[in-house]
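What follows is the content of coords.csv, which has CSV, C-alpha atoms and all ligand atoms:
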chain,number,residue,atom,x,y,z
A,1,MET,CA,-10.1,4.7,11.1
A,2,GLY,CA,-6.7,3.5,12.2
A,3,ARG,CA,-3.9,3.2,9.7
A,4,ILE,CA,-3.1,-0.5,9.2
A,5,ILE,CA,0.5,-1.3,8.5
A,6,ALA,CA,1.8,-4.8,7.6
A,7,ILE,CA,5.5,-5.3,8.5
A,8,ALA,CA,6.7,-7.8,6.0
A,9,ASN,CA,9.7,-9.3,4.3
A,10,GLN,CA,9.8,-13.1,3.6
A,11,LYS,CA,13.5,-13.1,4.5
A,12,GLY,CA,14.1,-14.2,8.0
A,13,GLY,CA,15.8,-12.3,10.8
A,14,VAL,CA,15.7,-8.8,9.2
A,15,GLY,CA,14.1,-7.0,12.1
A,16,LYS,CA,10.4,-7.3,11.4
A,17,THR,CA,9.4,-8.3,15.0
A,18,THR,CA,11.9,-5.9,16.6
A,19,THR,CA,10.3,-3.1,14.5
A,20,ALA,CA,6.7,-4.3,15.2
A,21,ILE,CA,7.3,-4.2,19.0
A,22,ASN,CA,9.3,-1.0,19.2
A,23,LEU,CA,7.4,1.0,16.6
A,24,ALA,CA,4.2,0.0,18.4
A,25,ALA,CA,5.5,1.1,21.8
A,26,SER,CA,6.9,4.4,20.3
A,27,LEU,CA,3.6,5.2,18.7
A,28,THR,CA,1.9,4.6,22.0
A,29,ALA,CA,4.4,7.0,23.6
A,30,ALA,CA,3.3,9.6,21.1
A,31,ASP,CA,-0.3,9.2,22.4
A,32,MET,CA,-1.5,6.9,19.5
A,33,ARG,CA,-3.8,4.1,20.5
A,34,THR,CA,-2.0,1.1,19.0
A,35,LEU,CA,-2.8,-2.6,18.3
A,36,LEU,CA,-0.1,-5.1,17.4
A,37,ILE,CA,-1.4,-8.2,15.6
A,38,ASP,CA,1.1,-11.1,15.8
A,39,LEU,CA,0.6,-13.3,12.8
A,40,ASP,CA,3.8,-15.4,13.1
A,41,PRO,CA,3.7,-18.9,14.6
A,42,GLN,CA,7.0,-18.1,16.3
A,43,SER,CA,5.0,-15.6,18.5
A,44,ASN,CA,8.1,-13.5,19.1
A,45,ALA,CA,6.1,-10.2,19.1
A,46,THR,CA,3.8,-11.7,21.8
A,47,SER,CA,6.6,-12.9,24.0
A,48,GLY,CA,8.7,-9.8,23.4
A,49,LEU,CA,5.9,-7.8,25.0
A,50,GLY,CA,5.9,-9.9,28.1
A,51,ILE,CA,2.9,-12.1,27.3
A,52,ARG,CA,3.7,-15.7,28.3
A,53,LYS,CA,2.9,-18.7,26.2
A,54,ARG,CA,-0.2,-20.5,27.3
A,55,SER,CA,-1.3,-17.5,29.5
A,56,TYR,CA,-3.9,-16.7,26.9
A,57,PRO,CA,-6.8,-19.0,25.8
A,58,LYS,CA,-7.2,-17.8,22.2
A,59,SER,CA,-4.8,-16.4,19.5
A,60,THR,CA,-4.8,-15.0,16.0
A,61,TYR,CA,-5.1,-18.6,14.8
A,62,ASP,CA,-8.7,-18.7,16.3
A,63,VAL,CA,-9.5,-15.4,14.6
A,64,VAL,CA,-8.2,-16.3,11.2
A,65,VAL,CA,-9.4,-20.0,11.1
A,66,HIS,CA,-12.5,-20.0,13.3
A,67,GLY,CA,-13.8,-16.5,13.0
A,68,VAL,CA,-13.4,-15.7,16.7
A,69,PRO,CA,-13.8,-11.9,17.1
A,70,LEU,CA,-10.5,-10.1,17.2
A,71,ALA,CA,-11.6,-7.9,20.2
A,72,SER,CA,-12.1,-11.0,22.3
A,73,ILE,CA,-8.5,-12.2,22.1
A,74,LEU,CA,-6.7,-8.9,22.9
A,75,GLN,CA,-4.1,-8.8,25.7
A,76,PRO,CA,-3.0,-5.7,27.6
A,77,THR,CA,0.6,-4.7,27.9
A,78,GLU,CA,2.7,-2.7,30.3
A,79,LEU,CA,1.8,0.3,28.1
A,80,GLU,CA,-1.8,1.4,28.7
A,81,ALA,CA,-2.6,2.3,25.1
A,82,LEU,CA,-0.9,-0.7,23.5
A,83,PHE,CA,-2.8,-4.0,23.0
A,84,VAL,CA,-1.6,-7.3,21.4
A,85,ALA,CA,-3.4,-9.9,19.5
A,86,PRO,CA,-1.2,-12.8,20.5
A,87,ALA,CA,-0.1,-15.6,18.1
A,88,SER,CA,0.3,-19.3,18.7
A,89,ARG,CA,2.1,-22.3,17.2
A,90,GLU,CA,-1.2,-23.5,15.6
A,91,LEU,CA,-0.8,-20.8,12.9
A,92,VAL,CA,1.6,-23.2,11.1
A,93,GLY,CA,-1.4,-25.2,9.9
A,94,VAL,CA,-3.4,-22.3,8.4
A,95,THR,CA,-2.5,-22.8,4.8
A,96,MET,CA,-3.8,-26.3,4.9
A,97,GLU,CA,-6.8,-25.6,7.1
A,98,LEU,CA,-8.1,-22.8,4.8
A,99,ALA,CA,-7.1,-24.4,1.5
A,100,ASN,CA,-10.8,-24.9,0.4
A,101,GLU,CA,-12.2,-21.6,1.8
A,102,ASP,CA,-13.2,-19.0,-0.8
A,103,ASN,CA,-12.6,-16.0,1.4
A,104,ARG,CA,-9.2,-17.3,2.8
A,105,HIS,CA,-7.4,-14.2,1.8
A,106,GLN,CA,-9.9,-11.8,3.5
A,107,ARG,CA,-10.1,-13.4,6.9
A,108,LEU,CA,-7.9,-10.9,8.8
A,109,SER,CA,-9.3,-8.0,6.9
A,110,ASN,CA,-12.8,-9.0,7.9
A,111,ALA,CA,-11.7,-9.5,11.5
A,112,ILE,CA,-10.1,-6.0,11.8
A,113,ALA,CA,-13.0,-4.1,10.3
A,114,PRO,CA,-15.2,-4.0,13.4
A,115,ILE,CA,-12.4,-2.6,15.6
A,116,ALA,CA,-10.4,-0.5,13.2
A,117,GLN,CA,-11.9,2.8,14.4
A,118,ASP,CA,-10.8,2.0,18.0
A,119,TYR,CA,-7.1,2.5,17.1
A,120,ASP,CA,-4.9,5.1,15.5
A,121,PHE,CA,-2.4,2.5,14.3
A,122,ILE,CA,-2.7,-1.3,13.8
A,123,LEU,CA,0.6,-3.0,13.1
A,124,ILE,CA,0.8,-6.6,11.8
A,125,ASP,CA,3.9,-8.6,12.4
A,126,CYS,CA,4.2,-11.1,9.5
A,127,PRO,CA,6.1,-14.5,9.4
A,128,PRO,CA,9.2,-14.9,7.2
A,129,SER,CA,7.3,-16.2,4.2
A,130,LEU,CA,4.9,-15.1,1.5
A,131,ASP,CA,2.3,-17.6,2.7
A,132,ILE,CA,-1.5,-17.2,3.3
A,133,LEU,CA,-0.8,-15.4,6.6
A,134,THR,CA,1.3,-12.7,5.0
A,135,VAL,CA,-1.2,-12.4,2.1
A,136,ASN,CA,-4.0,-11.9,4.7
A,137,ALA,CA,-1.9,-9.1,6.3
A,138,LEU,CA,-1.3,-7.4,2.9
A,139,VAL,CA,-5.0,-7.6,2.0
A,140,ALA,CA,-6.0,-6.1,5.3
A,141,ALA,CA,-3.3,-3.3,5.3
A,142,HIS,CA,-3.3,0.2,4.0
A,143,SER,CA,0.5,0.0,3.6
A,144,VAL,CA,3.5,-2.3,4.0
A,145,LEU,CA,6.7,-1.4,5.9
A,146,ILE,CA,9.6,-3.4,4.7
A,147,PRO,CA,12.6,-3.9,7.0
A,148,ILE,CA,15.8,-4.7,5.3
A,149,GLN,CA,19.0,-5.7,7.1
A,150,CYS,CA,22.1,-3.9,6.1
A,151,GLU,CA,24.1,-7.0,5.1
A,152,TYR,CA,25.6,-8.6,2.1
A,153,PHE,CA,22.5,-10.3,0.7
A,154,ALA,CA,20.2,-7.4,1.6
A,155,LEU,CA,18.5,-7.3,-1.8
A,156,GLU,CA,18.1,-11.0,-2.0
A,157,GLY,CA,14.3,-11.9,-2.3
A,158,VAL,CA,13.4,-8.2,-2.7
A,159,ALA,CA,12.4,-8.7,-6.4
A,160,GLU,CA,10.1,-11.6,-5.3
A,161,LEU,CA,8.5,-9.5,-2.6
A,162,MET,CA,7.9,-6.7,-5.1
A,163,GLU,CA,6.2,-9.1,-7.5
A,164,SER,CA,3.9,-10.3,-4.7
A,165,LEU,CA,3.0,-6.8,-3.7
A,166,LYS,CA,2.2,-6.1,-7.4
A,167,ALA,CA,0.0,-9.2,-7.6
A,168,ILE,CA,-1.8,-8.3,-4.4
A,169,ARG,CA,-2.4,-4.8,-5.7
A,170,GLN,CA,-3.8,-6.1,-9.0
A,171,ILE,CA,-6.2,-8.6,-7.6
A,172,ARG,CA,-6.9,-8.1,-4.0
A,173,ASN,CA,-6.0,-4.7,-2.5
A,174,PRO,CA,-5.5,-1.9,-5.1
A,175,LYS,CA,-4.9,0.7,-2.4
A,176,LEU,CA,-1.9,-1.1,-0.8
A,177,GLU,CA,0.9,1.5,-0.5
A,178,ILE,CA,4.5,1.1,0.4
A,179,GLU,CA,4.9,2.8,3.8
A,180,GLY,CA,8.6,2.6,3.4
A,181,VAL,CA,11.8,0.6,3.3
A,182,LEU,CA,13.4,0.6,6.7
A,183,LEU,CA,17.2,-0.1,7.0
A,184,THR,CA,17.9,-2.1,10.1
A,185,MET,CA,21.0,-3.3,12.0
A,186,PHE,CA,23.0,-0.5,10.4
A,187,ASP,CA,26.6,-0.3,11.5
A,188,GLU,CA,28.0,3.1,10.5
A,189,ARG,CA,31.6,1.9,11.0
A,190,THR,CA,31.5,-0.6,8.3
A,191,ASN,CA,31.9,0.0,4.5
A,192,LEU,CA,29.4,-2.8,4.0
A,193,SER,CA,26.5,-1.1,5.8
A,194,ASN,CA,27.2,2.1,3.9
A,195,GLN,CA,27.5,0.3,0.6
A,196,VAL,CA,24.2,-1.5,1.2
A,197,MET,CA,22.5,1.8,2.1
A,198,ALA,CA,23.7,3.3,-1.1
A,199,ASP,CA,22.4,0.2,-3.1
A,200,LEU,CA,19.0,0.3,-1.4
A,201,ARG,CA,18.7,4.1,-2.0
A,202,GLU,CA,19.5,3.5,-5.7
A,203,PHE,CA,17.0,0.7,-5.9
A,204,PHE,CA,14.1,2.1,-3.9
A,205,GLY,CA,14.7,5.9,-4.2
A,206,LYS,CA,12.5,8.0,-2.0
A,207,GLN,CA,10.8,4.9,-0.6
A,208,VAL,CA,13.7,4.4,1.8
A,209,LEU,CA,12.7,6.0,5.1
A,210,ALA,CA,14.9,8.7,6.5
A,211,THR,CA,15.2,6.9,9.9
A,212,ILE,CA,17.8,4.2,10.0
A,213,ILE,CA,17.8,1.6,12.8
A,214,PRO,CA,21.4,1.0,14.1
A,215,ARG,CA,22.7,-2.3,15.3
A,216,ASN,CA,22.2,-1.9,19.0
A,217,ILE,CA,22.8,-4.6,21.7
A,218,LYS,CA,20.0,-3.3,23.9
A,219,LEU,CA,17.5,-3.9,21.1
A,220,GLY,CA,18.6,-7.6,21.0
A,221,GLU,CA,18.4,-7.9,24.8
A,222,ALA,CA,15.0,-6.2,25.5
A,223,PRO,CA,12.8,-9.1,24.2
A,224,SER,CA,14.2,-11.5,26.7
A,225,HIS,CA,13.0,-9.2,29.4
A,226,GLY,CA,9.6,-9.0,27.8
A,227,ARG,CA,9.8,-5.3,27.3
A,228,PRO,CA,10.0,-2.8,24.4
A,229,ILE,CA,13.2,-0.8,24.3
A,230,LEU,CA,11.4,2.2,25.6
A,231,LEU,CA,10.8,0.5,28.9
A,232,TYR,CA,14.1,-1.4,28.9
A,233,ASP,CA,16.6,1.4,28.1
A,234,ILE,CA,15.1,4.6,26.9
A,235,LYS,CA,18.5,6.3,26.6
A,236,SER,CA,19.8,3.7,24.1
A,237,LYS,CA,20.5,4.5,20.5
A,238,GLY,CA,17.9,1.8,19.6
A,239,ALA,CA,15.2,3.6,21.6
A,240,GLU,CA,16.1,6.9,20.0
A,241,ALA,CA,15.8,5.4,16.5
A,242,TYR,CA,12.4,3.8,17.0
A,243,ILE,CA,11.1,7.1,18.5
A,244,ARG,CA,12.3,8.9,15.4
A,245,LEU,CA,10.7,6.2,13.2
A,246,ALA,CA,7.3,6.6,15.0
A,247,LYS,CA,7.5,10.4,14.4
A,248,GLU,CA,8.3,9.8,10.7
A,249,ILE,CA,5.4,7.4,10.3
A,250,ILE,CA,2.9,9.7,12.1
A,251,HIS,CA,4.1,12.7,10.0
A,252,GLY,CA,3.9,10.7,6.8
A,253,THR,CA,0.4,9.5,7.6
A,254,GLU,CA,-0.7,13.1,8.3
A,255,LYS,CA,0.8,14.2,5.0
A,256,SER,CA,-0.9,11.5,3.0
A,257,THR,CA,-4.2,12.0,4.7
A,258,GLY,CA,-3.9,15.7,3.9
A,259,ALA,CA,-3.1,14.8,0.3
A,260,ARG,CA,-6.1,12.5,0.1
A,261,ILE,CA,-8.4,15.2,1.5
A,262,GLU,CA,-7.0,17.7,-1.0
A,263,ARG,CA,-7.5,15.2,-3.8
A,264,ALA,CA,-11.0,14.6,-2.7
A,265,ALA,CA,-11.7,18.3,-2.5
A,266,GLY,CA,-10.3,18.7,-6.0
A,267,ASP,CA,-12.7,16.0,-7.2
A,268,VAL,CA,-15.6,17.9,-5.7
A,269,ARG,CA,-14.4,21.2,-7.2
A,270,GLY,CA,-14.1,19.3,-10.5
B,1,LIG,P1,11.8,-13.7,11.7
B,1,LIG,O1,11.9,-13.6,10.2
B,1,LIG,O2,12.4,-14.9,12.2
B,1,LIG,O3,10.4,-13.4,12.2
B,1,LIG,P2,12.5,-10.9,12.2
B,1,LIG,O4,12.6,-10.4,10.8
B,1,LIG,O5,11.2,-10.7,12.9
B,1,LIG,O6,12.8,-12.5,12.2
B,1,LIG,P3,13.8,-10.0,14.5
B,1,LIG,O7,13.4,-11.2,15.3
B,1,LIG,O8,13.3,-8.7,14.8
B,1,LIG,O9,13.7,-10.3,12.9
B,1,LIG,O10,15.4,-9.9,14.6
B,1,LIG,C1,16.3,-11.0,14.4
B,1,LIG,C2,17.3,-11.0,15.5
B,1,LIG,O11,18.1,-9.8,15.5
B,1,LIG,C3,16.7,-11.0,16.9
B,1,LIG,O12,17.6,-11.7,17.8
B,1,LIG,C4,16.7,-9.5,17.3
B,1,LIG,O13,16.8,-9.4,18.7
B,1,LIG,C5,18.0,-9.0,16.6
B,1,LIG,N1,17.9,-7.6,16.2
B,1,LIG,C6,16.9,-7.1,15.5
B,1,LIG,N2,17.2,-5.8,15.2
B,1,LIG,C7,18.3,-5.5,15.9
B,1,LIG,C8,19.1,-4.3,16.0
B,1,LIG,N3,18.8,-3.1,15.4
B,1,LIG,N4,20.3,-4.4,16.7
B,1,LIG,C9,20.7,-5.5,17.3
B,1,LIG,N5,20.0,-6.7,17.2
B,1,LIG,C10,18.8,-6.7,16.5
B,2,MG,MG,9.7,-12.0,13.5

Any chance you could give the structure as structure tokens?
Amino acid sequence: MGRIIAIANQKGGVGKTTTAINLAASLTAADMRTLLIDLDPQSNATSGLGIRKRSYPKSTYDVVVHGVPLASILQPTELEALFVAPASRELVGVTMELANEDNRHQRLSNAIAPIAQDYDFILIDCPPSLDILTVNALVAAHSVLIPIQCEYFALEGVAELMESLKAIRQIRNPKLEIEGVLLTMFDERTNLSNQVMADLREFFGKQVLATIIPRNIKLGEAPSHGRPILLYDIKSKGAEAYIRLAKEIIHGTEKSTGARIERAAGDVRG
């Protein structure tokens, strides 16, 4: 079964979507069958992969609210092994529309189950809030990847995010892990970026991923061309960083799967 990773931080503009698009493309380049689920009404991951608004009849809204099969809404991309479940503006109404549904937190999890084995990785791009959509992503996921921008208020909102993760683990998804904290838009020339990095390492310890995403103009430009950085400028620092991130995530997944198997074997041995 594919590893399901939610990319979440309720703070806006920290690099969630940039990470979703470019990690997905880099995983595909490493021969991983990958699905990117866009759960944000802004639909930036959808358009950033070249899928035009209104070119697709159904979106993740129809999946989450009306139980339309996830497999039926998938869109191909320029990369053969990468598919996208596109988002749409209608997602803004989901909180209200599902208010009286008992299983409203499990909608996405239920939708992913029948196709999870078709992919090596399933990434979920979350909106900048801790609303019902993000909760659906965290309930469906094996782990959460938390991008944090290297700027002055980097840690703002992090305590609240940690509280939410704790609550989700307690009541809805006890197996939810932290895939890692990803430093984004890092500028090595500034004291501020370096100070923020030190603060985050102190706060999160080993949970901070070794790969750091630099601030890179090409990463900002690529979405307006509807392409991941790998297809826009493979030689850029941004492309290099996301390729490294994909390797780190694949390696971490192999390690943790190995550890799980060893644990299971230990249980059998008693
Ligand atoms: P939202 O919370 O609105 O969904 P987000 O967390 O998904 O935002 P992005 O859309 O990925 O954040 O990034 C915010 C802006 O910063 C975008 O214009 C994006 O192109 C730009 N950006 C992201 N990462 C980088 C980077 N490493 N270097 C330069 N620009 C970047
Ligand atoms: Mg986004």

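Counting all atoms listed in the file, the residue from A:Ala167, A:Ile4, A:Ala20, A:Val14 that sits nearest to A:Ile229 is A:Ala20.
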
Nearby polymer residues, ligand MG 2 (chain B), at most 12 Å, all atoms listed in the file, as a PDB file with C-alpha atoms, in the coordinates of the input:
ATOM      1  CA  ILE A   7       5.500  -5.300   8.500  1.00  0.00           C
ATOM      2  CA  ALA A   8       6.700  -7.800   6.000  1.00  0.00           C
ATOM      3  CA  ASN A   9       9.700  -9.300   4.300  1.00  0.00           C
ATOM      4  CA  GLN A  10       9.800 -13.100   3.600  1.00  0.00           C
ATOM      5  CA  LYS A  11      13.500 -13.100   4.500  1.00  0.00           C
ATOM      6  CA  GLY A  12      14.100 -14.200   8.000  1.00  0.00           C
ATOM      7  CA  GLY A  13      15.800 -12.300  10.800  1.00  0.00           C
ATOM      8  CA  VAL A  14      15.700  -8.800   9.200  1.00  0.00           C
ATOM      9  CA  GLY A  15      14.100  -7.000  12.100  1.00  0.00           C
ATOM     10  CA  LYS A  16      10.400  -7.300  11.400  1.00  0.00           C
ATOM     11  CA  THR A  17       9.400  -8.300  15.000  1.00  0.00           C
ATOM     12  CA  THR A  18      11.900  -5.900  16.600  1.00  0.00           C
ATOM     13  CA  THR A  19      10.300  -3.100  14.500  1.00  0.00           C
ATOM     14  CA  ALA A  20       6.700  -4.300  15.200  1.00  0.00           C
ATOM     15  CA  ILE A  21       7.300  -4.200  19.000  1.00  0.00           C
ATOM     16  CA  ILE A  37      -1.400  -8.200  15.600  1.00  0.00           C
ATOM     17  CA  ASP A  38       1.100 -11.100  15.800  1.00  0.00           C
ATOM     18  CA  LEU A  39       0.600 -13.300  12.800  1.00  0.00           C
ATOM     19  CA  ASP A  40       3.800 -15.400  13.100  1.00  0.00           C
ATOM     20  CA  PRO A  41       3.700 -18.900  14.600  1.00  0.00           C
ATOM     21  CA  GLN A  42       7.000 -18.100  16.300  1.00  0.00           C
ATOM     22  CA  SER A  43       5.000 -15.600  18.500  1.00  0.00           C
ATOM     23  CA  ASN A  44       8.100 -13.500  19.100  1.00  0.00           C
ATOM     24  CA  ALA A  45       6.100 -10.200  19.100  1.00  0.00           C
ATOM     25  CA  THR A  46       3.800 -11.700  21.800  1.00  0.00           C
ATOM     26  CA  SER A  47       6.600 -12.900  24.000  1.00  0.00           C
ATOM     27  CA  GLY A  48       8.700  -9.800  23.400  1.00  0.00           C
ATOM     28  CA  ALA A  87      -0.100 -15.600  18.100  1.00  0.00           C
ATOM     29  CA  ILE A 124       0.800  -6.600  11.800  1.00  0.00           C
ATOM     30  CA  ASP A 125       3.900  -8.600  12.400  1.00  0.00           C
ATOM     31  CA  CYS A 126       4.200 -11.100   9.500  1.00  0.00           C
ATOM     32  CA  PRO A 127       6.100 -14.500   9.400  1.00  0.00           C
ATOM     33  CA  PRO A 128       9.200 -14.900   7.200  1.00  0.00           C
ATOM     34  CA  SER A 129       7.300 -16.200   4.200  1.00  0.00           C
ATOM     35  CA  THR A 134       1.300 -12.700   5.000  1.00  0.00           C
ATOM     36  CA  PRO A 147      12.600  -3.900   7.000  1.00  0.00           C
ATOM     37  CA  PRO A 223      12.800  -9.100  24.200  1.00  0.00           C
TER      38      PRO A 223
END

(request) May I ask for the distance between atom CA of A:Ile112 and atom CA of A:Val144, given in Å to one decimal place? (result) 16.1 Å

(message) I'd like the neighbourhood of A:Ala140 as an MDAnalysis selection string, where a residue qualifies if any of its atoms comes within 8 Å (using all atoms listed in the file), though same-chain residues fewer than 6 positions away should be ignored.
(response) chainID A and resid 4 106 108:110 112 173

(request) Find the distance between atom CA of A:Val84 and atom CA of A:Leu36 and write it in Å to one decimal. (result)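 So the answer is 4.8 Å.
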
(message) Under the rule that only C-alpha atoms are counted, which of A:Ala25, A:Ala85, A:Val65, A:Leu165 is the nearest residue to A:Ala99?
(response) A:Val65

(message) Restricting the calculation to all atoms listed in the file: of A:Lys255, A:Arg89, A:Arg215, A:Lys247, which residue gets closest to ligand LIG 1 (chain B)?
(response) A:Arg215

(message) Between atom CA of A:Asn191 and atom CA of A:Leu145, what is the distance in Å, rounded to a tenth?
(response)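 Interatomic distance here is 25.3 Å.
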
(message) With distances taken over all atoms listed in the file, which residue among A:Glu97, A:Tyr152, A:Leu161, A:Ala141 lies nearest A:Glu177?
(response)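 Nearest candidate to A:Glu177 out of A:Glu97, A:Tyr152, A:Leu161, A:Ala141: A:Ala141.
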
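When only C-alpha atoms are used to measure the gap to A:Asn22, the shortest distance among A:Gly93, A:Pro57, A:Gly238, A:Pro86 belongs to A:Gly238.
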
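Distances from A:Glu179, A:Glu80, A:Glu221, A:Glu160 to ligand LIG 1 (chain B) were compared using only C-alpha atoms and all ligand atoms, and the smallest one belongs to A:Glu221.
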